[in-house]
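*Asks:* To start, I am sharing the structure in question, which I have written as structure tokens.
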Amino acid sequence: MKPDSERTALRICPLCEANCGLELSITGSIVTSVRGDKADVFSHGYICPKGVSLGEVDSDPTRLSTPLIRDVNGALVSATWDEAFALIRTRLGEVVRISGPDSVGLFLGNPNVHSLSGTFMLPAFIKSLGTSQRFSASTVDQMPKQAASAMMYGTALSIALADIDRTDYFLVLGANPIVSNGSMLTAANFPGRLRSLRKRGGRMVVVDPIRTRTAEFADEHLGIRPGSDALWLAAIAHVLIVEGNPNFGAAAQWIDSAAVESLVSVLSAFTPEAVATVTGIDADVTRRISAELRDAPSAAVYGRMGTTTSGLSIDGSVLPMGTVASWLIDVINISIGSLDKPGGVMFALPAAGGPSTEGTPGIGHGVSIPGRRRTRVRELPSVLGEFPVSALAEEIDTPDPESGDHIRAMFVIGGNPIVSTPDSLRLRAAFESLDFMVSVDPYLTATSSLADVVLPVSSPLTRSHYDVVFNNLAVRNQARYSPAVFPVPQGHMDEADVLLTLAGIAIGINTGNEISADAMDDVLAATVAHQAVTDSASRLQGLTVEAVLELVAPLRGVERVLDIRLRSSPAGLTLQQIIDAPHGIDLGPLTPRLPEVLRTPSGRIEFAPPVLVKTLATAASAMETAAPSPAVGSYLLVGRRQLRSNNSWMKDIVNLQGGSNMPTAQMHPLDAADLGRTDGEMICITSASGSLNIALAISDTVSRGCICIPHGWADFNVNVLVSVDHVDPLGGTAVLSGLPVTVS
């Protein structure tokens with residue numbers, strides 16, 4: 001018999017989008033080993049190196065255990081929670097009283113969507129603060145896909161997902177899911193799913209300037225010039241729509257013929273022959289791939305970071321193409337009849353609900369892209385409620401010449417923007433000039449070290465977990481819940497309590513009547529209950545708020561909100577039902593959802609949004625002057641994924657260091673020979689924005705003319721090279737894939 005101090009616990013991994021189920025062995029308060037949960041209904045025992053290190057993440061000695069505040073000498077020193085919140089109350093209050101709520105900026109990192117408290121409590125703080133100056137990691141990489149999907153289908157999470165478990169043909173652009181574990185496509189055990197694709201006789205083609213691990217696994221790898229993805233996708237669409245007879249399948253009755261006609265007109269210029277020189281892909285190959293997509297029993301096209309951050313280099317300028325590329329992927333999927341078809345691309349039906357399950361099925365308010373609001377300095381448009389992070393530094397360091405308005409204070413929650421966002425050096429200087437800054441972060445990072453107050457949240461293992469956001473992106477419908485593994489240690493503070501306390505302080509500053517965290521919790525629960533009883537699609541419609549709160553009593557915090565969301569959503573589950581199924585509840589494969597899934601004002605698929613058609617027409621003109629390859633001595637920058645870290649997270653975890661998890665600049669052997677450089681030598685890479693000294697790694701996996709650098713390293717930060725001048729006006733991202741650089 002095991003000693004009482006030894007036990008096992010099940011846990012959904014919160015360290016990436018795959019959300020694998022784990023089994024933890026625990027002795028006392030220490031995780032001694034982590035393995036995959038073989039009975040998990042979604043991941044079936046799969047685990048990656050990040051998941052193996054979850055115990056090390058929990059016990060990491062570099063995690064902060066108490067708040068830090070900046071003393072009169074400028075040093076960060078330990079403080080009590082009361083002292084930290086009192087300083088925020090005073091300093092934030094001064095800024096807001098003098099300059100108003102819009103003098104406060106928010107940066108939200110992507111750990112927030114890996115957390116129930118970030119998902120549920122953070123919106124309460126944002127609303128309480130009352131600022132419109134919101135920025136996030138979404139405009140670093142993923143927003144173009146959300147913007148394109150929102151225009152076409154009605155909401156930012158109406159993403160048409162590759163039905164990877166049933167497809168016969170999988171075309172992948174600018175993505176490396178074997179390493180990333182899937183991104184904007186939640187599919188635990190991506191390697192296993194691809195092996196299953198091969199076993200059933202399916203085919204995978206990868207289009208990427210780098211021969212990634214996914215490309216090496218594929219049946220075919222096509223090298224493409226960085227940044228030209230949209231042109232090649234337009235050529236595929238040209239073959240299918242202009243030259244061929246598109247089969248819209250289930251989507252046919254929801255597409256206007258006028259939209260098809262406008263698309264035919266703009267696609268006419270993008271023949272496979274016209275794009276071949278710029279993309280580097282032969283016209284015959286493009287036509288063959290088009291035919292394979294069209295003729296396969298089922299097919300799905302999937303693109304990720306290489307497409308959403310892409311830009312076409314033209315005579316020294318760069319044309320951002322991320323949102324256009326993201327849209328064209330959907331255009332192709334629709335044109336081969338794959339939308340809403342098993343084995344094609346389908347919409348998830350999340351058990352805890354989401355934007356595509358709320359409101360009136362089949363019709364909605366839609367979105368406005370570009371957004372109606374503009375940044376103060378460059379008048380860049382908002383995107384789905386936030387501003388491009390490329391505008392953040394200038395909104396801080398450039399006061400209005402007449403009014404003096406600018407961002408004077410910042411809250412950075414779960415993010416490290418000085419490492420992870422464009423033009424990092426200018427952003428650091430801008431942060432250093434702020435009147436006041438708060439960082440909610442368990443680590444002292446490049447960003448949080450500049451804050452006046454650092455609020456460290458407790459370990460993820462002290463919090464319950466449910467995949468609220470990522471079940472909108474999951475390739476199989478399921479519901480899984482993890483209770484907290486450990487209690488919050490004495491002196492630490494749970495993330496939900498931190499966020500609710502901040503919300504109460506913000507309300508006090510704006511109204512003079514501060515609210516406690518417990519009272520904020522009640523307000524939030526009542527708000528969610530009110531939404532549930534008034535939403536026409538809710539299973540709780542018609543009940544009273546009081547009745548709903550009674551149903552979920554005595555729960556509080558994130559569990560109470562989650563239970564309301566579950567009960568009101570399509571599956572009609574309760575939190576207790578999921579708790580009683582510790583390995584999860586399998587709700588089956590993705591199922592057709594047209595037209596119910598649509599939330600567009602027209603109640604139709606917006607196949608050819610005018611702003612995207614116009615941008616594609618601009619690309620047609622630009623294509624005539626685009627150079628087929630970089631000038632002598634110039635290269636095109638691309639990024640790369642690393643299995644043992646996630647963006648800027650987990651770089652200091654010992655078990656995840658070394659091996660392939662290194663910050664190097666990869667270059668083709670012939671390019672290195674031309675420069676007279678050897679492997680391991682330090683090289684200087686320069687762009688219009690800055691220079692980076694980094695070790696050279698010679699690799700024949702990199703196409704000639706490319707420089708490949710990973711994202712998220714503080715000391716070798718690729719973002720010092722990324723310019724804020726090349727911003728996609730529709731998706732908000734800066735160009736990384738295809739950015740011109742030189743090497744010296």
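Chain labels follow the order of the structure tokens: the first chain is A, the next B, and so on; residue numbering restarts at 1 in every chain, and ligands are counted from 1 in their shown order.
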List the spatial neighbours of Gly603 (chain A) as a PDB file with C-alpha atoms, in the first residue's frame - criterion: any atom at most 10 Å away, only C-alpha atoms, same-chain residues fewer than 5 positions off excluded.
*Replies:*
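File produced: around32.pdb:
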ATOM      1  CA  TYR A 153     -18.808  33.718 -40.835  1.00  0.00           C
ATOM      2  CA  GLY A 154     -19.622  36.366 -38.247  1.00  0.00           C
ATOM      3  CA  TRP A 254     -25.267  30.387 -48.556  1.00  0.00           C
ATOM      4  CA  ILE A 255     -23.035  32.150 -51.121  1.00  0.00           C
ATOM      5  CA  PRO A 361     -28.596  30.930 -34.910  1.00  0.00           C
ATOM      6  CA  GLY A 362     -27.904  31.722 -38.551  1.00  0.00           C
ATOM      7  CA  ILE A 363     -27.705  35.506 -38.273  1.00  0.00           C
ATOM      8  CA  GLY A 364     -25.920  38.094 -36.154  1.00  0.00           C
ATOM      9  CA  HIS A 365     -24.279  41.478 -35.879  1.00  0.00           C
ATOM     10  CA  GLY A 366     -21.117  40.412 -37.694  1.00  0.00           C
ATOM     11  CA  PRO A 595     -26.417  27.629 -41.532  1.00  0.00           C
ATOM     12  CA  GLU A 596     -26.867  27.665 -37.733  1.00  0.00           C
ATOM     13  CA  VAL A 597     -23.204  28.571 -37.153  1.00  0.00           C
ATOM     14  CA  LEU A 598     -23.409  31.815 -39.152  1.00  0.00           C
TER      15      LEU A 598
END
*Asks:* Find the residues near Phe270 (chain A): any atom within 10 Å, counting only C-alpha atoms, skip ones fewer than 3 places away on the same chain, and give them as a list in words.
*Replies:*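 Counting only the stated atoms, we get Leu231, Trp232, Leu233, Ala234, Ala235, Ile236, Ala237, His238, Val239, Val242, Val266, Leu267, Glu273, Ala274, Val275, Ala276, Leu616, Ala617, Ala619, Ala620 and Met623 of chain A.
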*Asks:* Convert the current residue selection to file output with C-alpha atoms, as a tab-separated table (two decimals), in the first residue's frame.
*Replies:*
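That gives us selection_5.tsv:
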chain	number	residue	atom	x	y	z
A	231	LEU	CA	-0.09	34.82	-54.28
A	232	TRP	CA	0.20	31.04	-54.49
A	233	LEU	CA	-3.15	30.56	-52.75
A	234	ALA	CA	-4.68	33.03	-55.23
A	235	ALA	CA	-3.28	30.91	-58.07
A	236	ILE	CA	-4.89	27.79	-56.59
A	237	ALA	CA	-8.17	29.71	-56.29
A	238	HIS	CA	-7.75	30.92	-59.88
A	239	VAL	CA	-7.53	27.35	-61.17
A	242	VAL	CA	-11.75	31.08	-62.85
A	266	VAL	CA	-9.84	39.86	-59.13
A	267	LEU	CA	-8.45	36.32	-59.41
A	273	GLU	CA	2.23	31.07	-64.60
A	274	ALA	CA	2.00	34.68	-63.35
A	275	VAL	CA	2.84	33.80	-59.75
A	276	ALA	CA	5.48	31.14	-60.44
A	616	LEU	CA	-5.96	41.24	-53.32
A	617	ALA	CA	-6.30	43.57	-56.30
A	619	ALA	CA	-1.36	42.53	-54.63
A	620	ALA	CA	-2.02	41.83	-58.31
A	623	MET	CA	3.16	41.27	-58.16
*Asks:* Between CA of Asn19 (chain A) and CA of Met346 (chain A), what distance in Å does the model show, to one decimal?
*Replies:*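 Computing it gives 19.7 Å between the two atoms.
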*Asks:* Under the rule that only C-alpha atoms are counted, which of A:Thr678, A:Thr80, A:Ser464, A:Ser149 is the nearest residue to Leu575 (chain A)?
*Replies:*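 Result for the nearest residue to Leu575 (chain A): A:Ser464.
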*Asks:* Going by DSSP on the backbone, which bits of region 308-388 of chain A are strand (DSSP E)? Write them as a PyMOL selection string, please.
*Replies:* chain A and resi 311-314+317-320+345-346
*Asks:* Tell me, as a VMD selection string, which residues lie within 12 Å of Asn73 (chain A), counting only C-alpha atoms; anything in the same chain fewer than 4 positions away does not count.
*Replies:* chain A and resid 69 77 452
*Asks:* Show me, as a list in words, the residues that have an atom within 8 Å of Ala391 (chain A) when counting only C-alpha atoms, minus same-chain residues fewer than 5 positions from it.
*Replies:*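 Counting only C-alpha atoms, the residues come to Thr375, Arg378, Leu380 and Val724 of chain A.
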*Asks:* Work out how far CA of Gly504 (chain A) is from CA of Ser516 (chain A), in Å to one decimal.
*Replies:*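 CA of Gly504 (chain A) lies at a distance of 5.7 Å from CA of Ser516 (chain A).
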*Asks:* Choose the residue, out of A:Arg304, A:His530, A:Arg480, A:Lys127, that has the smallest atom-to-atom separation from Ala581 (chain A); count only C-alpha atoms.
*Replies:*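 Between A:Arg304, A:His530, A:Arg480, A:Lys127, the residue approaching Ala581 (chain A) most closely is A:Arg480.
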*Asks:* For a test of reading the model, state the distance in Å between CA of Gly21 (chain A) and CA of Asp467 (chain A), rounded to one decimal.
*Replies:* 11.4 Å
*Asks:* Applying 12 Å and only C-alpha atoms, which residues near Asp330 (chain A) remain after dropping the ones on its own chain fewer than 6 positions away? List them as a short mmCIF file (atom, residue, chain, number, x, y, z; two decimals) with N, CA and C atoms, in the first residue's frame.
*Replies:*
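Final output, part.cif:
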data_model
loop_
_atom_site.label_atom_id
_atom_site.label_comp_id
_atom_site.auth_asym_id
_atom_site.auth_seq_id
_atom_site.Cartn_x
_atom_site.Cartn_y
_atom_site.Cartn_z
N LYS A 145 -6.20 35.47 -39.09
CA LYS A 145 -7.13 34.34 -39.27
C LYS A 145 -8.46 34.64 -38.60
N GLN A 146 -8.42 35.24 -37.42
CA GLN A 146 -9.66 35.58 -36.74
C GLN A 146 -10.43 36.66 -37.49
N ALA A 148 -10.32 37.36 -40.78
CA ALA A 148 -10.89 36.80 -42.01
C ALA A 148 -12.10 35.92 -41.70
N SER A 149 -11.99 35.09 -40.68
CA SER A 149 -13.10 34.21 -40.31
C SER A 149 -14.30 35.02 -39.83
N ALA A 150 -14.03 36.08 -39.06
CA ALA A 150 -15.12 36.91 -38.56
C ALA A 150 -15.86 37.59 -39.71
N MET A 151 -15.12 38.07 -40.71
CA MET A 151 -15.78 38.69 -41.86
C MET A 151 -16.62 37.68 -42.62
N MET A 152 -16.14 36.46 -42.76
CA MET A 152 -16.83 35.47 -43.58
C MET A 152 -18.01 34.82 -42.85
N TYR A 153 -17.81 34.52 -41.54
CA TYR A 153 -18.81 33.72 -40.84
C TYR A 153 -19.48 34.44 -39.67
N SER A 158 -15.25 31.82 -35.12
CA SER A 158 -15.91 30.97 -36.11
C SER A 158 -14.85 30.48 -37.09
N ILE A 159 -13.93 29.68 -36.58
CA ILE A 159 -12.80 29.20 -37.39
C ILE A 159 -13.19 27.86 -38.02
N ALA A 160 -13.07 27.77 -39.34
CA ALA A 160 -13.31 26.50 -40.02
C ALA A 160 -12.07 25.62 -39.84
N LEU A 161 -12.22 24.53 -39.11
CA LEU A 161 -11.10 23.71 -38.66
C LEU A 161 -10.89 22.50 -39.57
N ALA A 162 -9.63 22.21 -39.85
CA ALA A 162 -9.32 21.01 -40.62
C ALA A 162 -9.75 19.77 -39.83
N ALA A 230 0.10 34.22 -50.13
CA ALA A 230 -1.18 34.69 -50.64
C ALA A 230 -1.23 34.62 -52.16
N LEU A 233 -1.77 30.94 -53.06
CA LEU A 233 -3.15 30.56 -52.75
C LEU A 233 -4.11 31.16 -53.78
N ALA A 234 -3.84 32.41 -54.20
CA ALA A 234 -4.68 33.03 -55.23
C ALA A 234 -4.60 32.25 -56.54
N ILE A 236 -4.06 28.99 -56.80
CA ILE A 236 -4.89 27.79 -56.59
C ILE A 236 -6.36 28.16 -56.79
N ALA A 237 -6.79 29.26 -56.16
CA ALA A 237 -8.17 29.71 -56.29
C ALA A 237 -8.51 30.04 -57.74
N PHE A 248 -19.14 24.16 -54.52
CA PHE A 248 -19.26 24.75 -53.19
C PHE A 248 -19.90 23.82 -52.17
N ALA A 251 -21.96 24.62 -48.80
CA ALA A 251 -21.97 26.08 -48.68
C ALA A 251 -22.69 26.77 -49.82
N ALA A 300 -8.52 19.26 -46.87
CA ALA A 300 -8.52 20.41 -45.97
C ALA A 300 -7.23 21.18 -46.15
N VAL A 301 -7.34 22.51 -46.22
CA VAL A 301 -6.18 23.39 -46.31
C VAL A 301 -6.05 24.12 -44.97
N TYR A 302 -4.82 24.17 -44.46
CA TYR A 302 -4.56 24.76 -43.13
C TYR A 302 -3.32 25.63 -43.22
N GLY A 303 -3.40 26.84 -42.71
CA GLY A 303 -2.24 27.73 -42.66
C GLY A 303 -2.10 28.32 -41.28
N THR A 323 -3.96 38.72 -43.68
CA THR A 323 -5.41 38.51 -43.67
C THR A 323 -5.89 37.99 -45.02
N VAL A 324 -5.30 38.48 -46.10
CA VAL A 324 -5.66 37.99 -47.43
C VAL A 324 -5.33 36.50 -47.55
N ILE A 336 -13.68 23.76 -53.07
CA ILE A 336 -13.57 22.32 -53.33
C ILE A 336 -14.65 21.54 -52.59
N GLY A 337 -15.62 22.27 -52.02
CA GLY A 337 -16.73 21.61 -51.34
C GLY A 337 -16.40 21.06 -49.98
N SER A 338 -15.34 21.57 -49.36
CA SER A 338 -14.90 21.01 -48.08
C SER A 338 -15.57 21.64 -46.87
N LEU A 339 -16.14 22.84 -47.00
CA LEU A 339 -16.72 23.49 -45.83
C LEU A 339 -17.92 22.72 -45.31
N ASP A 340 -17.88 22.43 -44.01
CA ASP A 340 -18.97 21.74 -43.31
C ASP A 340 -19.11 20.29 -43.76
N GLY A 344 -13.30 17.54 -44.34
CA GLY A 344 -12.95 18.84 -44.90
C GLY A 344 -12.62 19.81 -43.79
N VAL A 345 -13.30 20.95 -43.76
CA VAL A 345 -13.13 21.90 -42.65
C VAL A 345 -14.50 22.13 -42.03
N MET A 346 -14.55 22.08 -40.69
CA MET A 346 -15.82 22.11 -39.97
C MET A 346 -15.69 23.00 -38.75
N ILE A 605 -22.72 33.28 -46.00
CA ILE A 605 -21.26 33.31 -45.97
C ILE A 605 -20.81 34.49 -46.81
N GLU A 606 -20.01 35.37 -46.20
CA GLU A 606 -19.48 36.52 -46.95
C GLU A 606 -18.23 36.04 -47.68
N PHE A 607 -18.45 35.45 -48.87
CA PHE A 607 -17.41 34.77 -49.62
C PHE A 607 -16.32 35.72 -50.11
N ALA A 608 -16.70 36.95 -50.43
CA ALA A 608 -15.74 37.91 -50.99
C ALA A 608 -15.91 39.27 -50.34
#
*Asks:* Near Ser138 (chain A), within 9 Å and counting only C-alpha atoms, which residues show up once chain neighbours fewer than 3 positions away are dropped, as a compact mmCIF listing (two decimals) with C-alpha atoms, in the first residue's frame?
*Replies:*
# COMPACT_ATOMS: atom_id res chain seq x y z
CA LEU A 108 -2.67 40.85 -22.55
CA GLY A 109 -0.40 37.87 -23.19
CA ASN A 110 -1.64 34.54 -24.47
CA PHE A 135 -3.36 45.52 -26.99
CA ASP A 141 0.52 36.31 -34.88
CA GLN A 142 -3.06 35.00 -35.08
CA MET A 143 -5.41 37.95 -35.61
CA PRO A 144 -5.51 37.78 -39.45
CA PRO A 388 -2.27 46.55 -33.21
CA VAL A 389 0.52 46.03 -30.73
CA GLY A 732 -3.10 44.11 -37.21
CA THR A 733 0.00 41.92 -37.44
*Asks:* Output as a ChimeraX atom specification all residues of region 11-186 of chain A that backbone DSSP marks as alpha helix (DSSP H).
*Replies:* /A:49-52,54-58,81-99,116-120,122-129,143-153,177-180
*Asks:* Just checking: using only C-alpha atoms, which residue out of A:Leu562, A:Ala9, A:Ala283, A:Ala18 ends up closest to Thr32 (chain A)?
*Replies:*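 Between A:Leu562, A:Ala9, A:Ala283, A:Ala18, the residue approaching Thr32 (chain A) most closely is A:Ala9.
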*Asks:* Using only C-alpha atoms, which protein or nucleic acid residues come within 9 Å of Leu444 (chain A)? Drop anything in the same chain fewer than 4 positions from it, and give the result as a PDB file with C-alpha atoms, in the first residue's frame.
*Replies:*
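Result file around16.pdb:
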ATOM      1  CA  THR A  62      12.627  31.405  -9.952  1.00  0.00           C
ATOM      2  CA  ARG A  63       8.859  31.875  -9.571  1.00  0.00           C
ATOM      3  CA  LEU A  64       7.986  34.891  -7.443  1.00  0.00           C
ATOM      4  CA  SER A 448       7.995  42.805 -15.535  1.00  0.00           C
ATOM      5  CA  SER A 449      11.417  43.984 -14.337  1.00  0.00           C
ATOM      6  CA  VAL A 454       4.677  42.967  -9.913  1.00  0.00           C
TER       7      VAL A 454
END
